[in-house]
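The file start11.pdb contains PDB, N, CA and C atoms:
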MODEL        1
ATOM      1  N   PHE V   1       0.811  -1.212   0.000
ATOM      2  CA  PHE V   1       0.000   0.000   0.000
ATOM      3  C   PHE V   1       0.849   1.269   0.000
ATOM      4  N   TYR V   2       2.159   1.121  -0.088
ATOM      5  CA  TYR V   2       3.045   2.282   0.027
ATOM      6  C   TYR V   2       2.698   3.372  -0.986
ATOM      7  N   ASP V   3       2.570   3.003  -2.247
ATOM      8  CA  ASP V   3       2.301   4.004  -3.283
ATOM      9  C   ASP V   3       0.987   4.724  -3.037
ATOM     10  N   GLU V   4      -0.025   4.001  -2.588
ATOM     11  CA  GLU V   4      -1.303   4.630  -2.258
ATOM     12  C   GLU V   4      -1.141   5.630  -1.113
ATOM     13  N   CYS V   5      -0.345   5.266  -0.132
ATOM     14  CA  CYS V   5      -0.105   6.154   1.006
ATOM     15  C   CYS V   5       0.531   7.460   0.546
ATOM     16  N   ILE V   6       1.508   7.353  -0.329
ATOM     17  CA  ILE V   6       2.217   8.529  -0.827
ATOM     18  C   ILE V   6       1.305   9.404  -1.687
ATOM     19  N   LEU V   7       0.542   8.771  -2.550
ATOM     20  CA  LEU V   7      -0.348   9.522  -3.447
ATOM     21  C   LEU V   7      -1.473  10.233  -2.714
ATOM     22  N   ASN V   8      -1.919   9.678  -1.596
ATOM     23  CA  ASN V   8      -3.088  10.214  -0.901
ATOM     24  C   ASN V   8      -2.774  10.802   0.467
ATOM     25  N   CYS V   9      -1.541  11.171   0.691
ATOM     26  CA  CYS V   9      -1.094  11.575   2.022
ATOM     27  C   CYS V   9      -1.831  12.783   2.591
ATOM     28  N   ASN V  10      -2.417  13.624   1.748
ATOM     29  CA  ASN V  10      -3.114  14.829   2.210
ATOM     30  C   ASN V  10      -4.622  14.666   2.265
ATOM     31  N   GLN V  11      -5.115  13.471   1.987
ATOM     32  CA  GLN V  11      -6.554  13.251   1.917
ATOM     33  C   GLN V  11      -6.984  12.311   3.040
ATOM     34  N   PRO V  12      -7.516  12.846   4.128
ATOM     35  CA  PRO V  12      -7.862  12.011   5.279
ATOM     36  C   PRO V  12      -8.743  10.806   4.942
ATOM     37  N   GLU V  13      -9.749  11.006   4.113
ATOM     38  CA  GLU V  13     -10.658   9.897   3.789
ATOM     39  C   GLU V  13      -9.918   8.768   3.084
ATOM     40  N   LYS V  14      -9.047   9.120   2.158
ATOM     41  CA  LYS V  14      -8.277   8.118   1.416
ATOM     42  C   LYS V  14      -7.281   7.416   2.331
ATOM     43  N   CYS V  15      -6.648   8.168   3.221
ATOM     44  CA  CYS V  15      -5.698   7.564   4.171
ATOM     45  C   CYS V  15      -6.408   6.536   5.047
ATOM     46  N   ILE V  16      -7.584   6.879   5.513
ATOM     47  CA  ILE V  16      -8.352   5.964   6.351
ATOM     48  C   ILE V  16      -8.772   4.738   5.555
ATOM     49  N   GLU V  17      -9.150   4.916   4.306
ATOM     50  CA  GLU V  17      -9.512   3.783   3.453
ATOM     51  C   GLU V  17      -8.341   2.813   3.291
ATOM     52  N   ILE V  18      -7.146   3.347   3.191
ATOM     53  CA  ILE V  18      -5.952   2.498   3.066
ATOM     54  C   ILE V  18      -5.789   1.645   4.318
ATOM     55  N   ILE V  19      -5.946   2.242   5.474
ATOM     56  CA  ILE V  19      -5.818   1.508   6.731
ATOM     57  C   ILE V  19      -6.894   0.426   6.826
ATOM     58  N   GLU V  20      -8.075   0.723   6.348
ATOM     59  CA  GLU V  20      -9.173  -0.252   6.389
ATOM     60  C   GLU V  20      -8.921  -1.447   5.467
ATOM     61  N   LYS V  21      -8.023  -1.311   4.505
ATOM     62  CA  LYS V  21      -7.678  -2.411   3.601
ATOM     63  C   LYS V  21      -6.693  -3.405   4.223
ATOM     64  N   LEU V  22      -6.052  -3.016   5.301
ATOM     65  CA  LEU V  22      -5.061  -3.892   5.939
ATOM     66  C   LEU V  22      -5.738  -5.133   6.516
ATOM     67  N   PRO V  23      -5.005  -6.239   6.591
ATOM     68  CA  PRO V  23      -5.543  -7.412   7.296
ATOM     69  C   PRO V  23      -5.917  -7.010   8.727
ATOM     70  N   LYS V  24      -6.899  -7.682   9.295
ATOM     71  CA  LYS V  24      -7.469  -7.274  10.579
ATOM     72  C   LYS V  24      -6.419  -7.062  11.672
ATOM     73  N   LEU V  25      -5.527  -8.015  11.859
ATOM     74  CA  LEU V  25      -4.529  -7.883  12.926
ATOM     75  C   LEU V  25      -3.607  -6.686  12.679
ATOM     76  N   ASN V  26      -3.156  -6.507  11.444
ATOM     77  CA  ASN V  26      -2.306  -5.368  11.101
ATOM     78  C   ASN V  26      -3.054  -4.051  11.341
ATOM     79  N   ARG V  27      -4.327  -4.032  10.958
ATOM     80  CA  ARG V  27      -5.146  -2.831  11.139
ATOM     81  C   ARG V  27      -5.288  -2.500  12.621
ATOM     82  N   LEU V  28      -5.511  -3.503  13.449
ATOM     83  CA  LEU V  28      -5.653  -3.264  14.885
ATOM     84  C   LEU V  28      -4.351  -2.761  15.508
ATOM     85  N   VAL V  29      -3.240  -3.373  15.129
ATOM     86  CA  VAL V  29      -1.940  -2.951  15.666
ATOM     87  C   VAL V  29      -1.627  -1.519  15.226
ATOM     88  N   PHE V  30      -1.860  -1.231  13.968
ATOM     89  CA  PHE V  30      -1.568   0.111  13.466
ATOM     90  C   PHE V  30      -2.487   1.142  14.117
ATOM     91  N   THR V  31      -3.751   0.788  14.274
ATOM     92  CA  THR V  31      -4.697   1.695  14.922
ATOM     93  C   THR V  31      -4.302   1.938  16.371
ATOM     94  N   TYR V  32      -3.822   0.910  17.042
ATOM     95  CA  TYR V  32      -3.354   1.070  18.415
ATOM     96  C   TYR V  32      -2.154   2.025  18.469
ATOM     97  N   LEU V  33      -1.239   1.872  17.529
ATOM     98  CA  LEU V  33      -0.088   2.777  17.460
ATOM     99  C   LEU V  33      -0.551   4.222  17.281
ATOM    100  N   ILE V  34      -1.491   4.443  16.378
ATOM    101  CA  ILE V  34      -1.984   5.803  16.140
ATOM    102  C   ILE V  34      -2.679   6.335  17.397
ATOM    103  N   ARG V  35      -3.434   5.494  18.074
ATOM    104  CA  ARG V  35      -4.086   5.916  19.325
ATOM    105  C   ARG V  35      -3.030   6.349  20.341
ATOM    106  N   PHE V  36      -1.959   5.582  20.449
ATOM    107  CA  PHE V  36      -0.857   5.909  21.349
ATOM    108  C   PHE V  36      -0.242   7.266  20.971
ATOM    109  N   LEU V  37      -0.040   7.486  19.674
ATOM    110  CA  LEU V  37       0.532   8.752  19.215
ATOM    111  C   LEU V  37      -0.417   9.926  19.467
ATOM    112  N   LYS V  38      -1.716   9.676  19.385
ATOM    113  CA  LYS V  38      -2.698  10.725  19.673
ATOM    114  C   LYS V  38      -2.590  11.196  21.124
ATOM    115  N   VAL V  39      -2.276  10.273  22.024
ATOM    116  CA  VAL V  39      -2.092  10.656  23.425
ATOM    117  C   VAL V  39      -0.940  11.653  23.531
ATOM    118  N   PHE V  40       0.153  11.368  22.870
ATOM    119  CA  PHE V  40       1.305  12.275  22.891
ATOM    120  C   PHE V  40       0.996  13.600  22.200
ATOM    121  N   ALA V  41       0.148  13.571  21.183
ATOM    122  CA  ALA V  41      -0.167  14.776  20.415
ATOM    123  C   ALA V  41      -1.206  15.666  21.097
ATOM    124  N   ALA V  42      -1.767  15.216  22.214
ATOM    125  CA  ALA V  42      -2.733  16.024  22.956
ATOM    126  C   ALA V  42      -2.043  17.275  23.492
ATOM    127  N   ASP V  43      -2.749  18.386  23.453
ATOM    128  CA  ASP V  43      -2.165  19.683  23.828
ATOM    129  C   ASP V  43      -1.480  19.667  25.192
ATOM    130  N   GLU V  44      -2.099  19.018  26.183
ATOM    131  CA  GLU V  44      -1.510  19.017  27.526
ATOM    132  C   GLU V  44      -0.179  18.266  27.567
ATOM    133  N   ASN V  45       0.005  17.288  26.690
ATOM    134  CA  ASN V  45       1.276  16.560  26.633
ATOM    135  C   ASN V  45       2.300  17.282  25.770
ATOM    136  N   VAL V  46       1.847  17.919  24.716
ATOM    137  CA  VAL V  46       2.757  18.677  23.853
ATOM    138  C   VAL V  46       3.411  19.804  24.643
ATOM    139  N   ALA V  47       2.669  20.387  25.569
ATOM    140  CA  ALA V  47       3.226  21.457  26.390
ATOM    141  C   ALA V  47       4.441  20.974  27.186
ATOM    142  N   LEU V  48       4.453  19.707  27.529
ATOM    143  CA  LEU V  48       5.570  19.144  28.300
ATOM    144  C   LEU V  48       6.637  18.508  27.417
ATOM    145  N   THR V  49       6.226  17.818  26.379
ATOM    146  CA  THR V  49       7.168  17.031  25.584
ATOM    147  C   THR V  49       7.665  17.712  24.315
ATOM    148  N   LYS V  50       6.911  18.704  23.839
ATOM    149  CA  LYS V  50       7.200  19.391  22.562
ATOM    150  C   LYS V  50       7.055  18.455  21.361
ATOM    151  N   MET V  51       6.395  17.325  21.558
ATOM    152  CA  MET V  51       6.202  16.340  20.486
ATOM    153  C   MET V  51       4.777  16.439  19.947
ATOM    154  N   ASP V  52       4.563  17.395  19.058
ATOM    155  CA  ASP V  52       3.259  17.527  18.426
ATOM    156  C   ASP V  52       3.152  16.526  17.269
ATOM    157  N   SER V  53       2.039  16.557  16.545
ATOM    158  CA  SER V  53       1.847  15.575  15.473
ATOM    159  C   SER V  53       2.916  15.697  14.386
ATOM    160  N   ASN V  54       3.448  16.893  14.172
ATOM    161  CA  ASN V  54       4.536  17.056  13.192
ATOM    162  C   ASN V  54       5.793  16.319  13.634
ATOM    163  N   ASN V  55       6.183  16.509  14.875
ATOM    164  CA  ASN V  55       7.387  15.853  15.392
ATOM    165  C   ASN V  55       7.196  14.348  15.511
ATOM    166  N   LEU V  56       6.018  13.942  15.955
ATOM    167  CA  LEU V  56       5.740  12.504  16.070
ATOM    168  C   LEU V  56       5.785  11.825  14.710
ATOM    169  N   SER V  57       5.224  12.476  13.705
ATOM    170  CA  SER V  57       5.236  11.866  12.370
ATOM    171  C   SER V  57       6.648  11.806  11.803
ATOM    172  N   MET V  58       7.477  12.783  12.129
ATOM    173  CA  MET V  58       8.860  12.768  11.655
ATOM    174  C   MET V  58       9.618  11.577  12.247
ATOM    175  N   VAL V  59       9.379  11.302  13.512
ATOM    176  CA  VAL V  59      10.082  10.219  14.194
ATOM    177  C   VAL V  59       9.515   8.850  13.802
ATOM    178  N   MET V  60       8.195   8.749  13.672
ATOM    179  CA  MET V  60       7.551   7.448  13.491
ATOM    180  C   MET V  60       7.341   7.030  12.036
ATOM    181  N   ALA V  61       7.278   7.962  11.107
ATOM    182  CA  ALA V  61       7.014   7.613   9.702
ATOM    183  C   ALA V  61       8.004   6.589   9.144
ATOM    184  N   PRO V  62       9.300   6.720   9.419
ATOM    185  CA  PRO V  62      10.236   5.709   8.880
ATOM    186  C   PRO V  62       9.992   4.303   9.425
ATOM    187  N   ASN V  63       9.324   4.203  10.568
ATOM    188  CA  ASN V  63       9.008   2.898  11.143
ATOM    189  C   ASN V  63       7.748   2.291  10.536
ATOM    190  N   CYS V  64       6.926   3.132   9.915
ATOM    191  CA  CYS V  64       5.643   2.674   9.371
ATOM    192  C   CYS V  64       5.655   2.529   7.856
ATOM    193  N   LEU V  65       6.414   3.364   7.190
ATOM    194  CA  LEU V  65       6.475   3.353   5.725
ATOM    195  C   LEU V  65       7.923   3.312   5.274
ATOM    196  N   ARG V  66       8.204   2.517   4.259
ATOM    197  CA  ARG V  66       9.567   2.398   3.764
ATOM    198  C   ARG V  66       9.560   2.536   2.254
ATOM    199  N   CYS V  67      10.267   3.509   1.752
ATOM    200  CA  CYS V  67      10.369   3.734   0.314
ATOM    201  C   CYS V  67      11.111   2.569  -0.344
ATOM    202  N   LYS V  68      10.576   2.120  -1.464
ATOM    203  CA  LYS V  68      11.171   0.980  -2.172
ATOM    204  C   LYS V  68      12.320   1.385  -3.093
ATOM    205  N   SER V  69      12.415   2.675  -3.361
ATOM    206  CA  SER V  69      13.424   3.163  -4.297
ATOM    207  C   SER V  69      14.803   3.227  -3.627
ATOM    208  N   ASN V  70      15.832   3.123  -4.448
ATOM    209  CA  ASN V  70      17.201   3.320  -3.979
ATOM    210  C   ASN V  70      17.740   4.686  -4.390
ATOM    211  N   GLU V  71      16.922   5.460  -5.083
ATOM    212  CA  GLU V  71      17.315   6.781  -5.555
ATOM    213  C   GLU V  71      17.189   7.802  -4.424
ATOM    214  N   PRO V  72      18.282   8.462  -4.044
ATOM    215  CA  PRO V  72      18.231   9.441  -2.952
ATOM    216  C   PRO V  72      17.188  10.550  -3.172
ATOM    217  N   LYS V  73      17.051  11.002  -4.404
ATOM    218  CA  LYS V  73      16.091  12.074  -4.686
ATOM    219  C   LYS V  73      14.659  11.609  -4.404
ATOM    220  N   VAL V  74      14.326  10.407  -4.832
ATOM    221  CA  VAL V  74      12.980   9.851  -4.608
ATOM    222  C   VAL V  74      12.751   9.640  -3.116
ATOM    223  N   ILE V  75      13.743   9.123  -2.430
ATOM    224  CA  ILE V  75      13.622   8.885  -0.989
ATOM    225  C   ILE V  75      13.356  10.192  -0.255
ATOM    226  N   MET V  76      14.095  11.235  -0.605
ATOM    227  CA  MET V  76      13.916  12.531   0.054
ATOM    228  C   MET V  76      12.539  13.131  -0.246
ATOM    229  N   GLU V  77      12.092  13.022  -1.481
ATOM    230  CA  GLU V  77      10.776  13.548  -1.840
ATOM    231  C   GLU V  77       9.673  12.792  -1.113
ATOM    232  N   ASN V  78       9.814  11.491  -1.011
ATOM    233  CA  ASN V  78       8.781  10.677  -0.374
ATOM    234  C   ASN V  78       8.767  10.812   1.142
ATOM    235  N   THR V  79       9.882  11.187   1.724
ATOM    236  CA  THR V  79       9.941  11.333   3.179
ATOM    237  C   THR V  79       8.888  12.315   3.673
ATOM    238  N   LYS V  80       8.745  13.428   3.003
ATOM    239  CA  LYS V  80       7.738  14.429   3.395
ATOM    240  C   LYS V  80       6.333  13.861   3.276
ATOM    241  N   LYS V  81       6.095  13.074   2.245
ATOM    242  CA  LYS V  81       4.774  12.481   2.041
ATOM    243  C   LYS V  81       4.498  11.387   3.065
ATOM    244  N   GLU V  82       5.514  10.643   3.433
ATOM    245  CA  GLU V  82       5.374   9.626   4.471
ATOM    246  C   GLU V  82       4.987  10.290   5.794
ATOM    247  N   MET V  83       5.665  11.386   6.109
ATOM    248  CA  MET V  83       5.357  12.125   7.327
ATOM    249  C   MET V  83       3.939  12.685   7.270
ATOM    250  N   GLN V  84       3.541  13.219   6.127
ATOM    251  CA  GLN V  84       2.198  13.772   5.990
ATOM    252  C   GLN V  84       1.142  12.687   6.155
ATOM    253  N   PHE V  85       1.386  11.512   5.601
ATOM    254  CA  PHE V  85       0.443  10.399   5.746
ATOM    255  C   PHE V  85       0.221  10.078   7.220
ATOM    256  N   LEU V  86       1.298   9.929   7.963
ATOM    257  CA  LEU V  86       1.174   9.600   9.382
ATOM    258  C   LEU V  86       0.518  10.746  10.154
ATOM    259  N   ARG V  87       0.898  11.979   9.857
ATOM    260  CA  ARG V  87       0.302  13.144  10.514
ATOM    261  C   ARG V  87      -1.205  13.194  10.253
ATOM    262  N   THR V  88      -1.603  12.904   9.026
ATOM    263  CA  THR V  88      -3.019  12.883   8.671
ATOM    264  C   THR V  88      -3.760  11.851   9.508
ATOM    265  N   LEU V  89      -3.162  10.685   9.685
ATOM    266  CA  LEU V  89      -3.810   9.648  10.492
ATOM    267  C   LEU V  89      -3.874  10.027  11.965
ATOM    268  N   ILE V  90      -2.825  10.628  12.477
ATOM    269  CA  ILE V  90      -2.834  11.072  13.876
ATOM    270  C   ILE V  90      -3.976  12.065  14.090
ATOM    271  N   GLN V  91      -4.206  12.909  13.131
ATOM    272  CA  GLN V  91      -5.220  13.946  13.263
ATOM    273  C   GLN V  91      -6.630  13.471  12.930
ATOM    274  N   HIS V  92      -6.779  12.418  12.118
ATOM    275  CA  HIS V  92      -8.111  12.079  11.610
ATOM    276  C   HIS V  92      -8.590  10.647  11.837
ATOM    277  N   LEU V  93      -7.711   9.697  12.108
ATOM    278  CA  LEU V  93      -8.150   8.311  12.226
ATOM    279  C   LEU V  93      -8.932   8.096  13.526
ATOM    280  N   ASP V  94     -10.106   7.485  13.407
ATOM    281  CA  ASP V  94     -10.900   7.115  14.577
ATOM    282  C   ASP V  94     -10.285   5.855  15.178
ATOM    283  N   THR V  95      -9.799   5.974  16.396
ATOM    284  CA  THR V  95      -9.113   4.848  17.038
ATOM    285  C   THR V  95      -9.958   4.197  18.128
ATOM    286  N   SER V  96     -11.239   4.499  18.162
ATOM    287  CA  SER V  96     -12.102   3.965  19.222
ATOM    288  C   SER V  96     -12.201   2.439  19.181
ATOM    289  N   ILE V  97     -11.900   1.832  18.050
ATOM    290  CA  ILE V  97     -11.972   0.372  17.925
ATOM    291  C   ILE V  97     -10.992  -0.330  18.877
ATOM    292  N   VAL V  98      -9.918   0.334  19.264
ATOM    293  CA  VAL V  98      -8.937  -0.278  20.151
ATOM    294  C   VAL V  98      -8.997   0.296  21.572
ATOM    295  N   GLN V  99     -10.027   1.076  21.855
ATOM    296  CA  GLN V  99     -10.175   1.640  23.196
ATOM    297  C   GLN V  99     -10.332   0.517  24.205
ATOM    298  N   GLY V 100      -9.558   0.570  25.263
ATOM    299  CA  GLY V 100      -9.640  -0.423  26.314
ATOM    300  C   GLY V 100      -8.952  -1.736  26.023
ATOM    301  N   VAL V 101      -8.178  -1.806  24.942
ATOM    302  CA  VAL V 101      -7.478  -3.056  24.602
ATOM    303  C   VAL V 101      -6.451  -3.390  25.679
ATOM    304  N   LEU V 102      -5.713  -2.403  26.129
ATOM    305  CA  LEU V 102      -4.737  -2.618  27.210
ATOM    306  C   LEU V 102      -4.904  -1.589  28.284
TER     307      LEU V 102
ENDMDL
END
Starting from the coordinates I provided, produce the structure as structure tokens.
Amino acid sequence: FYDECILNCNQPEKCIEIIEKLPKLNRLVFTYLIRFLKVFAADENVALTKMDSNNLSMVMAPNCLRCKSNEPKVIMENTKKEMQFLRTLIQHLDTSIVQGVL
């Protein structure tokens, strides 16, 4: 789904549709991760940690999306889109499905 993620990184509805295409276990794990990141992105925590959704997406995007290209130019261009995809999910994905899991 990497190419879809990159192409639709600014469109919340499309980003959510991509996540819904994942196998159930992968979708639950990823949704749990986003829920965890939403806790850090909450204003009261950002005031202490300085880790808003921009910073969180910068740190976590390489762990969630990996560019298939070996071309440095393509990798650099896609890095911003990878970060935007994750930021979009932090801001828009409904994570209530994993509420109370742990």
Can you tell me which residues surround stretch 80-96 of chain V at a distance of at most 6 Å, considering all atoms listed in the file, apart from same-chain residues fewer than 4 positions away, and format the answer as a PDB file with N, CA and C atoms, keeping the file's coordinate frame?
ATOM      1  N   CYS V   5      -0.345   5.266  -0.132  1.00  0.00           N
ATOM      2  CA  CYS V   5      -0.105   6.154   1.006  1.00  0.00           C
ATOM      3  C   CYS V   5       0.531   7.460   0.546  1.00  0.00           C
ATOM      4  N   ILE V   6       1.508   7.353  -0.329  1.00  0.00           N
ATOM      5  CA  ILE V   6       2.217   8.529  -0.827  1.00  0.00           C
ATOM      6  C   ILE V   6       1.305   9.404  -1.687  1.00  0.00           C
ATOM      7  N   CYS V   9      -1.541  11.171   0.691  1.00  0.00           N
ATOM      8  CA  CYS V   9      -1.094  11.575   2.022  1.00  0.00           C
ATOM      9  C   CYS V   9      -1.831  12.783   2.591  1.00  0.00           C
ATOM     10  N   ASN V  10      -2.417  13.624   1.748  1.00  0.00           N
ATOM     11  CA  ASN V  10      -3.114  14.829   2.210  1.00  0.00           C
ATOM     12  C   ASN V  10      -4.622  14.666   2.265  1.00  0.00           C
ATOM     13  N   PRO V  12      -7.516  12.846   4.128  1.00  0.00           N
ATOM     14  CA  PRO V  12      -7.862  12.011   5.279  1.00  0.00           C
ATOM     15  C   PRO V  12      -8.743  10.806   4.942  1.00  0.00           C
ATOM     16  N   THR V  31      -3.751   0.788  14.274  1.00  0.00           N
ATOM     17  CA  THR V  31      -4.697   1.695  14.922  1.00  0.00           C
ATOM     18  C   THR V  31      -4.302   1.938  16.371  1.00  0.00           C
ATOM     19  N   ILE V  34      -1.491   4.443  16.378  1.00  0.00           N
ATOM     20  CA  ILE V  34      -1.984   5.803  16.140  1.00  0.00           C
ATOM     21  C   ILE V  34      -2.679   6.335  17.397  1.00  0.00           C
ATOM     22  N   ARG V  35      -3.434   5.494  18.074  1.00  0.00           N
ATOM     23  CA  ARG V  35      -4.086   5.916  19.325  1.00  0.00           C
ATOM     24  C   ARG V  35      -3.030   6.349  20.341  1.00  0.00           C
ATOM     25  N   LYS V  38      -1.716   9.676  19.385  1.00  0.00           N
ATOM     26  CA  LYS V  38      -2.698  10.725  19.673  1.00  0.00           C
ATOM     27  C   LYS V  38      -2.590  11.196  21.124  1.00  0.00           C
ATOM     28  N   SER V  53       2.039  16.557  16.545  1.00  0.00           N
ATOM     29  CA  SER V  53       1.847  15.575  15.473  1.00  0.00           C
ATOM     30  C   SER V  53       2.916  15.697  14.386  1.00  0.00           C
ATOM     31  N   SER V  57       5.224  12.476  13.705  1.00  0.00           N
ATOM     32  CA  SER V  57       5.236  11.866  12.370  1.00  0.00           C
ATOM     33  C   SER V  57       6.648  11.806  11.803  1.00  0.00           C
ATOM     34  N   MET V  58       7.477  12.783  12.129  1.00  0.00           N
ATOM     35  CA  MET V  58       8.860  12.768  11.655  1.00  0.00           C
ATOM     36  C   MET V  58       9.618  11.577  12.247  1.00  0.00           C
ATOM     37  N   ALA V  61       7.278   7.962  11.107  1.00  0.00           N
ATOM     38  CA  ALA V  61       7.014   7.613   9.702  1.00  0.00           C
ATOM     39  C   ALA V  61       8.004   6.589   9.144  1.00  0.00           C
ATOM     40  N   MET V  76      14.095  11.235  -0.605  1.00  0.00           N
ATOM     41  CA  MET V  76      13.916  12.531   0.054  1.00  0.00           C
ATOM     42  C   MET V  76      12.539  13.131  -0.246  1.00  0.00           C
TER      43      MET V  76
END
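Rounded to one decimal, atom C of V:Leu48 and atom C of V:Met60 lie 19.2 Å from each other.
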Please, what is the axis-aligned box for every listed atom of stretch 15-32 of chain V with 3 Å on each side, as centre and edge lengths in Å to one decimal, as AutoDock Vina command-line options?
--center_x -5.5 --center_y 0.1 --center_z 10.8 --size_x 13.9 --size_y 22.2 --size_z 21.4
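For the pair atom CA of V:Cys67 and atom N of V:Leu7, the interatomic distance is 11.4 Å.
In this model, the gap between atom CA of V:Leu37 and atom CA of V:Asn54 comes to 11.0 Å.
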Selected residue of minimal separation from V:Pro23 among V:Asp52, V:Val59, V:Lys73, V:Phe1, counting only C-alpha atoms: V:Phe1
Looking only at the backbone, which of the residues in stretch 28-75 of chain V does DSSP tag as alpha helix (DSSP H), as JSON, numbers by chain? {"V": [28, 29, 30, 31, 32, 33, 34, 35, 36, 37, 38, 39, 40, 41, 43, 44, 45, 46, 47, 48, 49, 53, 54, 55, 56, 57, 58, 59, 60, 61, 62, 63, 64, 72, 73, 74, 75]}
